[in-house]
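Participant: Here it is: the structure, laid out below.
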Protein chains: 2
Amino acid sequence: MNNNPVILVIDDESQIRRLLEITLQSHDYKVIEAMNAHDGLIMAANHPPDMILLDLGLPDESGHVVLKKLRDWYTKPIIILSVQSSEEDIVKALDAGANDYLVKPFRTGELLARIRSVLRSANPQEENPVIDSEDLHIDLASRIVKKKNEIIKLTATEYTLLALFARNEGKVLTHQYLLRLVWGPGYIDQTQYLRVFIAQLRKKIEDDPNHPKHIITESGVGYRFV
Amino acid sequence: MNNNPVILVIDDESQIRRLLEITLQSHDYKVIEAMNAHDGLIMAANHPPDMILLDLGLPDESGHVVLKKLRDWYTKPIIILSVQSSEEDIVKALDAGANDYLVKPFRTGELLARIRSVLRSANPQEENPVIDSEDLHIDLASRIVKKKNEIIKLTATEYTLLALFARNEGKVLTHQYLLRLVWGPGYIDQTQYLRVFIAQLRKKIEDDPNHPKHIITESGVGYRFV
DNA sequence: GTCGTCTTTATAAAATCTTTATACCTCCTG
DNA sequence: CAGGAGGTATAAAGATTTTATAAAGACGAC
């Protein structure tokens, strides 16, 4: 799942399948399809997708039964698509383990949003932008910087500067660029500010500030963070 | 602590609130209510419910804004109830972190089934409502704070503040963020309030308020709880 | 009215930022 | 190789901003 999420569509109407295929693929999902209950179950077992779109009106078996069979082992999201709009059908499907229920005809934008929603809550991704560089650890969400597991106290300006570096690892950031983003557009010729704060940062994050490993000077240009 | 799920209802229409209260309570949910955005945010922060039913049409602030503010820290399910049935509204809400969206008037059976569904798929990770930090003990569920086994008496504001810290251990919380969630959106520049209450909290929970171990100052930014 | 709490004001203390001064390093030139 | 130019590093001073704390006044519940 590092790549694009795989969605299994189980529906017997070929127009719906084609519509879904086009819509989903254009939003960077990988689509696999089955046109009846039997094939759908086999496909789900053989190539477990990241989620399933299930039509309730299948030719060979009731969608409710398919849903139950899937839920015996399949734990990822299942969204029901159905022409049935009765409360009884909806409640039954949801209580059988469906994560959502859309009545056909549905709006594709809404379907996409609901797919995003169930996928999001399926993998609670703590996508904290974290930089881990050997002994250095920068957590941008929590605003915490650690060196060898020790929390380092940084002032507001020092942190702003370091966060900028962390977000642009490897790139050379010019004096102008750094001054403009940290101090503001009126300070682009105050290069001395930068030197003072780079020195302070190095004192705090480098093992040997005289031979910095992380904040590298690019003479005449700026600095680079590795 | 009883294990019936607590549901926070944020809706300005009293008939809806009454309907939901009766329906939900008769299905063994514990219901707490707020009739506007401001109260809803405070209530959610103060006594985090197991899920939230949020009306989009609130008198004091757009439900979309409330949803965003909640999702800054609230990870449990949020179901939107709204008279707006446009695809744009639905997609916007779902992408802002809502788990489901029901158009008013809704069928109560379907609502209940959708509540069961989102609660079922809600995080298996039990958010530990207790903080134990050497000498400090914070029980968010029963609203009890102890220091070296002695119960500490906190005012409402002090507790709200401390509970926010406890729920975001390690993270730096900005002045703005704290002021917004504790006092409300209109107070984000009343930094002095914060200083006064931080001082009071430190007097109560720190061994040596001059050298705080728990509430750490991040000068120019905010505070951090460890 | 009394009590507990919140708001507001005042001021001292601490932390941070700016500025100045000086030493450095590297490359180039004579 | 000496000396200078341009850019860099660092310490330390002052100036400024931010924070801590006490205490007085305001407010609301009872």
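Residue names in the structure tokens use chain letters A, B, ... in the order shown, residue numbers from 1 in each chain, and ligand numbers from 1 in the order shown.
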Within 8 Å of Glu158 of chain A, counting only C-alpha atoms (C1' of nucleotides), which residues qualify if same-chain residues fewer than 2 places away don't, as a PyMOL selection string?
Facilitator: chain A and resi 154-156+160-162+197+200-201
Participant: Take the residues from that selection and put them in a file with C-alpha atoms, as a PDB file, in the first residue's frame.
Facilitator:
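Contents of out_38.pdb, as written:
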```
ATOM      1  CA  LEU A 154      15.638  26.292  21.112  1.00  0.00           C
ATOM      2  CA  THR A 155      14.426  29.867  20.982  1.00  0.00           C
ATOM      3  CA  ALA A 156      11.654  30.795  18.591  1.00  0.00           C
ATOM      4  CA  THR A 160      12.153  28.631  12.821  1.00  0.00           C
ATOM      5  CA  LEU A 161      15.560  28.531  11.184  1.00  0.00           C
ATOM      6  CA  LEU A 162      16.157  24.864  11.939  1.00  0.00           C
ATOM      7  CA  PHE A 197      22.052  32.323  14.837  1.00  0.00           C
ATOM      8  CA  GLN A 200      24.060  29.362  18.189  1.00  0.00           C
ATOM      9  CA  LEU A 201      22.324  26.513  16.400  1.00  0.00           C
TER      10      LEU A 201
END
```
Participant: Just the number, please: Cα RMSD of chain B on chain A after least-squares superposition over all C-alpha atoms matched in order.
Facilitator: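 It is 19.2 Å.
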Participant: What does the distance from atom CA of Tyr101 of chain B to atom CA of Val103 of chain A come to in Å, to one decimal?
Facilitator: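 Those two atoms sit 13.6 Å apart.
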Participant: Please find the residues of chain B near chain D - the criterion being any atom within 9 Å, counting only C-alpha atoms (C1' of nucleotides) - and write them as a ChimeraX atom specification.
Facilitator: /B:195-196,199,210,217,219-220
Participant: Residues of chain C within 9 Å of chain B, counting only C-alpha atoms (C1' of nucleotides), what are they? List them as a PyMOL selection string.
Facilitator: chain C and resi 5-7+15-16
Participant: Mind dumping the selected residues with N, CA and C atoms (P, O5', C5', C4', C3', O3' and C1' of nucleotides) as a short mmCIF file (atom, residue, chain, number, x, y, z; two decimals), in the first residue's frame?
Facilitator:
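Wrote it out as part-v5.cif, contents follow:
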```cif
data_model
loop_
_atom_site.label_atom_id
_atom_site.label_comp_id
_atom_site.auth_asym_id
_atom_site.auth_seq_id
_atom_site.Cartn_x
_atom_site.Cartn_y
_atom_site.Cartn_z
P DT C 5 -12.54 28.29 43.85
"O5'" DT C 5 -12.57 29.24 42.58
"C5'" DT C 5 -13.75 29.26 41.78
"C4'" DT C 5 -13.72 30.48 40.90
"C3'" DT C 5 -12.50 30.59 39.99
"O3'" DT C 5 -12.91 30.30 38.67
"C1'" DT C 5 -13.16 32.69 40.88
P DC C 6 -11.83 30.25 37.49
"O5'" DC C 6 -11.95 31.72 36.88
"C5'" DC C 6 -13.19 32.14 36.34
"C4'" DC C 6 -13.14 33.62 36.03
"C3'" DC C 6 -12.08 34.02 35.00
"O3'" DC C 6 -12.71 34.78 33.98
"C1'" DC C 6 -11.91 35.39 36.93
P DT C 7 -11.85 35.27 32.70
"O5'" DT C 7 -11.43 36.73 33.12
"C5'" DT C 7 -12.43 37.75 33.13
"C4'" DT C 7 -11.85 39.05 33.65
"C3'" DT C 7 -10.80 39.70 32.73
"O3'" DT C 7 -11.30 40.97 32.35
"C1'" DT C 7 -10.10 39.71 35.01
P DA C 15 15.77 32.33 32.43
"O5'" DA C 15 15.46 32.70 30.92
"C5'" DA C 15 14.11 32.73 30.49
"C4'" DA C 15 14.05 33.41 29.15
"C3'" DA C 15 15.10 32.90 28.16
"O3'" DA C 15 14.40 32.38 27.05
"C1'" DA C 15 15.01 35.29 28.20
P DT C 16 15.14 31.74 25.80
"O5'" DT C 16 15.21 32.96 24.78
"C5'" DT C 16 14.01 33.63 24.43
"C4'" DT C 16 14.34 34.88 23.67
"C3'" DT C 16 15.26 34.65 22.48
"O3'" DT C 16 14.52 34.91 21.31
"C1'" DT C 16 15.84 36.61 23.71
#
```
Participant: Going by DSSP on the backbone, which residues of segment 41-190 of chain A come out as helix (DSSP H, G or I)? List them as an NGL selection string.
Facilitator: :A and (41-46 or 63-71 or 87-95 or 108-122 or 156-167 or 175-182 or 185-187)
Participant: Keeping only C-alpha atoms, write the selected residues to a file as a PDB file, in the first residue's frame.
Facilitator:
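File written: part.pdb
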```pdb
ATOM      1  CA  LEU A  41     -15.128 -13.289  -3.058  1.00  0.00           C
ATOM      2  CA  ILE A  42     -12.351 -15.142  -4.841  1.00  0.00           C
ATOM      3  CA  MET A  43     -10.745 -11.950  -5.992  1.00  0.00           C
ATOM      4  CA  ALA A  44     -10.900 -10.402  -2.546  1.00  0.00           C
ATOM      5  CA  ALA A  45      -9.242 -13.505  -1.110  1.00  0.00           C
ATOM      6  CA  ASN A  46      -6.580 -13.755  -3.793  1.00  0.00           C
ATOM      7  CA  GLY A  63     -25.024  -8.634  -1.490  1.00  0.00           C
ATOM      8  CA  HIS A  64     -25.918  -8.956   2.176  1.00  0.00           C
ATOM      9  CA  VAL A  65     -24.621 -12.509   2.141  1.00  0.00           C
ATOM     10  CA  VAL A  66     -21.445 -11.455   0.334  1.00  0.00           C
ATOM     11  CA  LEU A  67     -20.918  -8.742   2.919  1.00  0.00           C
ATOM     12  CA  LYS A  68     -21.229 -11.256   5.766  1.00  0.00           C
ATOM     13  CA  LYS A  69     -18.821 -13.667   4.111  1.00  0.00           C
ATOM     14  CA  LEU A  70     -16.316 -10.906   3.514  1.00  0.00           C
ATOM     15  CA  ARG A  71     -16.527  -9.675   7.062  1.00  0.00           C
ATOM     16  CA  GLU A  87     -33.859   2.227   5.888  1.00  0.00           C
ATOM     17  CA  GLU A  88     -34.049  -1.498   6.503  1.00  0.00           C
ATOM     18  CA  ASP A  89     -31.451  -2.273   3.831  1.00  0.00           C
ATOM     19  CA  ILE A  90     -29.135   0.486   4.994  1.00  0.00           C
ATOM     20  CA  VAL A  91     -29.302  -0.504   8.665  1.00  0.00           C
ATOM     21  CA  LYS A  92     -28.857  -4.165   7.817  1.00  0.00           C
ATOM     22  CA  ALA A  93     -25.788  -3.504   5.692  1.00  0.00           C
ATOM     23  CA  LEU A  94     -24.175  -1.134   8.165  1.00  0.00           C
ATOM     24  CA  ASP A  95     -24.780  -3.538  11.036  1.00  0.00           C
ATOM     25  CA  THR A 108     -19.035  10.674  -7.974  1.00  0.00           C
ATOM     26  CA  GLY A 109     -17.544  13.547  -5.999  1.00  0.00           C
ATOM     27  CA  GLU A 110     -19.329  12.375  -2.891  1.00  0.00           C
ATOM     28  CA  LEU A 111     -18.284   8.781  -3.486  1.00  0.00           C
ATOM     29  CA  LEU A 112     -14.657   9.857  -3.820  1.00  0.00           C
ATOM     30  CA  ALA A 113     -14.881  11.886  -0.630  1.00  0.00           C
ATOM     31  CA  ARG A 114     -16.410   8.955   1.245  1.00  0.00           C
ATOM     32  CA  ILE A 115     -13.683   6.679  -0.085  1.00  0.00           C
ATOM     33  CA  ARG A 116     -11.059   9.120   1.153  1.00  0.00           C
ATOM     34  CA  SER A 117     -12.845   9.276   4.495  1.00  0.00           C
ATOM     35  CA  VAL A 118     -12.964   5.524   5.122  1.00  0.00           C
ATOM     36  CA  LEU A 119      -9.409   5.015   3.885  1.00  0.00           C
ATOM     37  CA  ARG A 120      -8.234   7.804   6.139  1.00  0.00           C
ATOM     38  CA  SER A 121      -9.839   6.337   9.246  1.00  0.00           C
ATOM     39  CA  ALA A 122      -8.678   2.862   8.240  1.00  0.00           C
ATOM     40  CA  ALA A 156      11.654  30.795  18.591  1.00  0.00           C
ATOM     41  CA  THR A 157      14.037  32.143  15.962  1.00  0.00           C
ATOM     42  CA  GLU A 158      16.452  29.255  16.272  1.00  0.00           C
ATOM     43  CA  TYR A 159      13.621  26.792  15.799  1.00  0.00           C
ATOM     44  CA  THR A 160      12.153  28.631  12.821  1.00  0.00           C
ATOM     45  CA  LEU A 161      15.560  28.531  11.184  1.00  0.00           C
ATOM     46  CA  LEU A 162      16.157  24.864  11.939  1.00  0.00           C
ATOM     47  CA  ALA A 163      12.671  23.897  10.770  1.00  0.00           C
ATOM     48  CA  LEU A 164      13.356  25.631   7.471  1.00  0.00           C
ATOM     49  CA  PHE A 165      16.545  23.636   7.084  1.00  0.00           C
ATOM     50  CA  ALA A 166      14.822  20.410   8.023  1.00  0.00           C
ATOM     51  CA  ARG A 167      12.124  20.951   5.437  1.00  0.00           C
ATOM     52  CA  HIS A 175      21.269  34.029   2.805  1.00  0.00           C
ATOM     53  CA  GLN A 176      18.553  36.083   1.152  1.00  0.00           C
ATOM     54  CA  TYR A 177      16.051  33.238   1.276  1.00  0.00           C
ATOM     55  CA  LEU A 178      16.676  32.442   4.922  1.00  0.00           C
ATOM     56  CA  LEU A 179      16.590  36.070   6.016  1.00  0.00           C
ATOM     57  CA  ARG A 180      13.397  36.714   4.124  1.00  0.00           C
ATOM     58  CA  LEU A 181      11.557  33.722   5.564  1.00  0.00           C
ATOM     59  CA  VAL A 182      12.780  33.986   9.137  1.00  0.00           C
ATOM     60  CA  PRO A 185      11.593  40.892   3.559  1.00  0.00           C
ATOM     61  CA  GLY A 186      13.125  43.989   5.172  1.00  0.00           C
ATOM     62  CA  TYR A 187      16.097  42.094   6.562  1.00  0.00           C
TER      63      TYR A 187
END
```
Participant: Name the residues of segment 6-207 of chain B that fall into strand (DSSP E or B) according to DSSP on the backbone, using the chain letters and numbers of this document, as JSON, numbers by chain.
Facilitator: {"B": [6, 7, 8, 9, 10, 30, 31, 32, 33, 34, 51, 52, 53, 54, 55, 78, 79, 80, 81, 82, 100, 101, 102, 103, 130, 131, 132, 133, 136, 137, 138, 139, 144, 145, 146, 147, 150, 151, 172, 173, 174]}
Participant: For His214 of chain A, please output as a list in words all residues within 8 Å (counting only C-alpha atoms (C1' of nucleotides); exclusion window: fewer than 2 positions along the same chain).
Facilitator: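 Here the answer would be Glu206, Pro212, Ile216, Arg224, Phe225 and Val226 of chain A.
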Participant: I'd like the interatomic distance between atom CA of Asn36 of chain A and atom CA of Asn3 of chain A, to a tenth of an Å.
Facilitator: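 One can read the atom CA of Asn36 of chain A to atom CA of Asn3 of chain A distance as 27.2 Å.
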Participant: Which residue, A:Val31, A:Ile10, A:Leu53, A:Ala98, has the smallest gap to chain B when you use only C-alpha atoms?
Facilitator: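 Closest to chain B of all the choices is A:Ala98.
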Participant: Rank nothing, just name the residue among B:Asp139, B:Glu218, B:Asp55, B:Asp207 nearest to chain A, using only C-alpha atoms.
Facilitator: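 For chain A, the nearest of the given residues is B:Glu218.
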Participant: Find, counting only C-alpha atoms, the residue in A:Gly97, A:Ser62, A:Leu140, A:Leu56 that gets nearest to Gln84 of chain A.
Facilitator: A:Leu56
Participant: Quote the spacing between atom CA of Ser14 of chain A and atom CA of Asp60 of chain A in Å to one decimal place.
Facilitator: 15.6 Å
